[in-house]
Amino acid sequence: MNEVRRTYDEWHRTLDAEHEDVALAPWHAAAIAHLGDIAGKSILEIGCGRGSFARWVSGRGAQTLTLADFSFAAVGIARRDLAPRTPEASFLTTDIERLPFACDTFDIVCSFETLEHVPRPAVGLAELVRVTRPRGRLIVTTPNYIGLLGAYRLFRHLTGRTYAEMGQPINQPLTLIGRVRRLRALGCRVDIADGFGHYLYVPGRSPRRMPFLDGARWLTRWFGAHSLTVATKQ
């Protein structure tokens, strides 16, 4: 895991050097729509990266904002950029599979595009549920490999080519329906299960989005490349 951490440290340093602005990603925007009033709430974000989501949350009345990531570099960049203007925030480096918090600690727990990059995603998800307070909210996004994204990954495997999300070393083939089932098994009520973003994948070219497929969300959500779940811990 030390080698994995070094890889992620270098990955985040490169992103920081190449991209001065940290814009909200599509999964952040989708999560914000379900965040609700955060005034007076304790919030944990696991996999905070360089702090793009935290930039939006800061200054909106949260009682505490805990930002954590596996990468020392990511946490350092987030602290550098956010600490001076976000007094409610604390920063730490930790592993999602072994969170250093007591059970039932946070009102809102968020994890965006993180579980697919850990060795044991099911353990990580269970940890997220463990540290959420009863009746607290858990908001999780990951890629969804049921659909065209999964077909493209299979195609690369069958043709002997490595699949990686922007060069990240661990890329687990997670699914929206699988996460819904696990959350229910962990004692959560799943309030929102959504998927969006349908792309045509052509080797050697950038994926081409097909927005018309988002129109029949009641069906196509299970096959979208981006997946979102909002759950309440019972």
# chains A, B, ... in the order shown; residues from 1 in each chain; ligands from 1

call {"tool": "select_by_dssp", "arguments": {"residues": "segment 14-178 of chain A", "states": "helix (DSSP H, G or I)", "output": "ChimeraX atom specification"}}
result
/A:14-18,26-32,52-57,72-85,115-117,121-131,148-158,176-178

call {"tool": "residues_around", "arguments": {"residues": "segment 22-33 of chain A", "least_positions_apart": "4", "cutoff": "10 Å", "atoms": "only C-alpha atoms", "output": "list in words"}}
result
Leu15, Asp16, Arg50, Gly51, Ser52, Phe53, Ala54, Arg55, Trp56, Val57, Cys110, Ser111, Phe112, Glu113, Ile139, Val140, Thr141, Thr142, Pro143, Asp194, Gly195, Phe196, Gly197, His226, Ser227, Leu228, Thr229 and Val230 of chain A

call {"tool": "closest_residue", "arguments": {"among": "A:Ile43, A:Leu158, A:Leu92, A:Ala225", "to": "Leu128 of chain A", "atoms": "only C-alpha atoms"}}
result
A:Ile43

call {"tool": "closest_residue", "arguments": {"among": "A:Ala151, A:Val202, A:Ala231, A:Leu176", "to": "Arg189 of chain A", "atoms": "only C-alpha atoms"}}
result
A:Ala231

call {"tool": "closest_residue", "arguments": {"among": "A:Leu67, A:Gly204, A:Ala83, A:Ala73", "to": "Ile96 of chain A", "atoms": "only C-alpha atoms"}}
result
A:Leu67

call {"tool": "closest_residue", "arguments": {"among": "A:His34, A:His198, A:Arg209, A:Arg182", "to": "Gly147 of chain A", "atoms": "only C-alpha atoms"}}
result
A:His198

call {"tool": "closest_residue", "arguments": {"among": "A:Arg85, A:Arg179, A:Arg13, A:Arg5", "to": "Phe70 of chain A", "atoms": "only C-alpha atoms"}}
result
A:Arg5

call {"tool": "select_by_dssp", "arguments": {"residues": "segment 9-174 of chain A", "states": "strand (DSSP E or B)", "output": "ChimeraX atom specification"}}
result
/A:42-46,64-69,89-93,95,98,106-112,132-143

call {"tool": "closest_residue", "arguments": {"among": "A:Asp107, A:Gly224, A:Leu115, A:Ile170", "to": "Tyr145 of chain A", "atoms": "only C-alpha atoms"}}
result
A:Gly224

call {"tool": "residues_around", "arguments": {"residues": "Pro87 of chain A", "least_positions_apart": "6", "cutoff": "12 Å", "atoms": "only C-alpha atoms", "output": "VMD selection string"}}
result
chain A and resid 58 to 66 79

call {"tool": "atom_distance", "arguments": {"atom1": "atom CA of Val131 of chain A", "atom2": "atom CA of Arg80 of chain A"}}
result
26.3 Å

call {"tool": "residues_around", "arguments": {"residues": "Ile108 of chain A", "least_positions_apart": "4", "cutoff": "9 Å", "atoms": "only C-alpha atoms", "output": "list in words"}}
result
Leu35, Ile38, Lys41, Ser42, Ile43, Leu44, Glu45, Thr132, Arg133, Gly136, Arg137, Leu138 and Ile139 of chain A
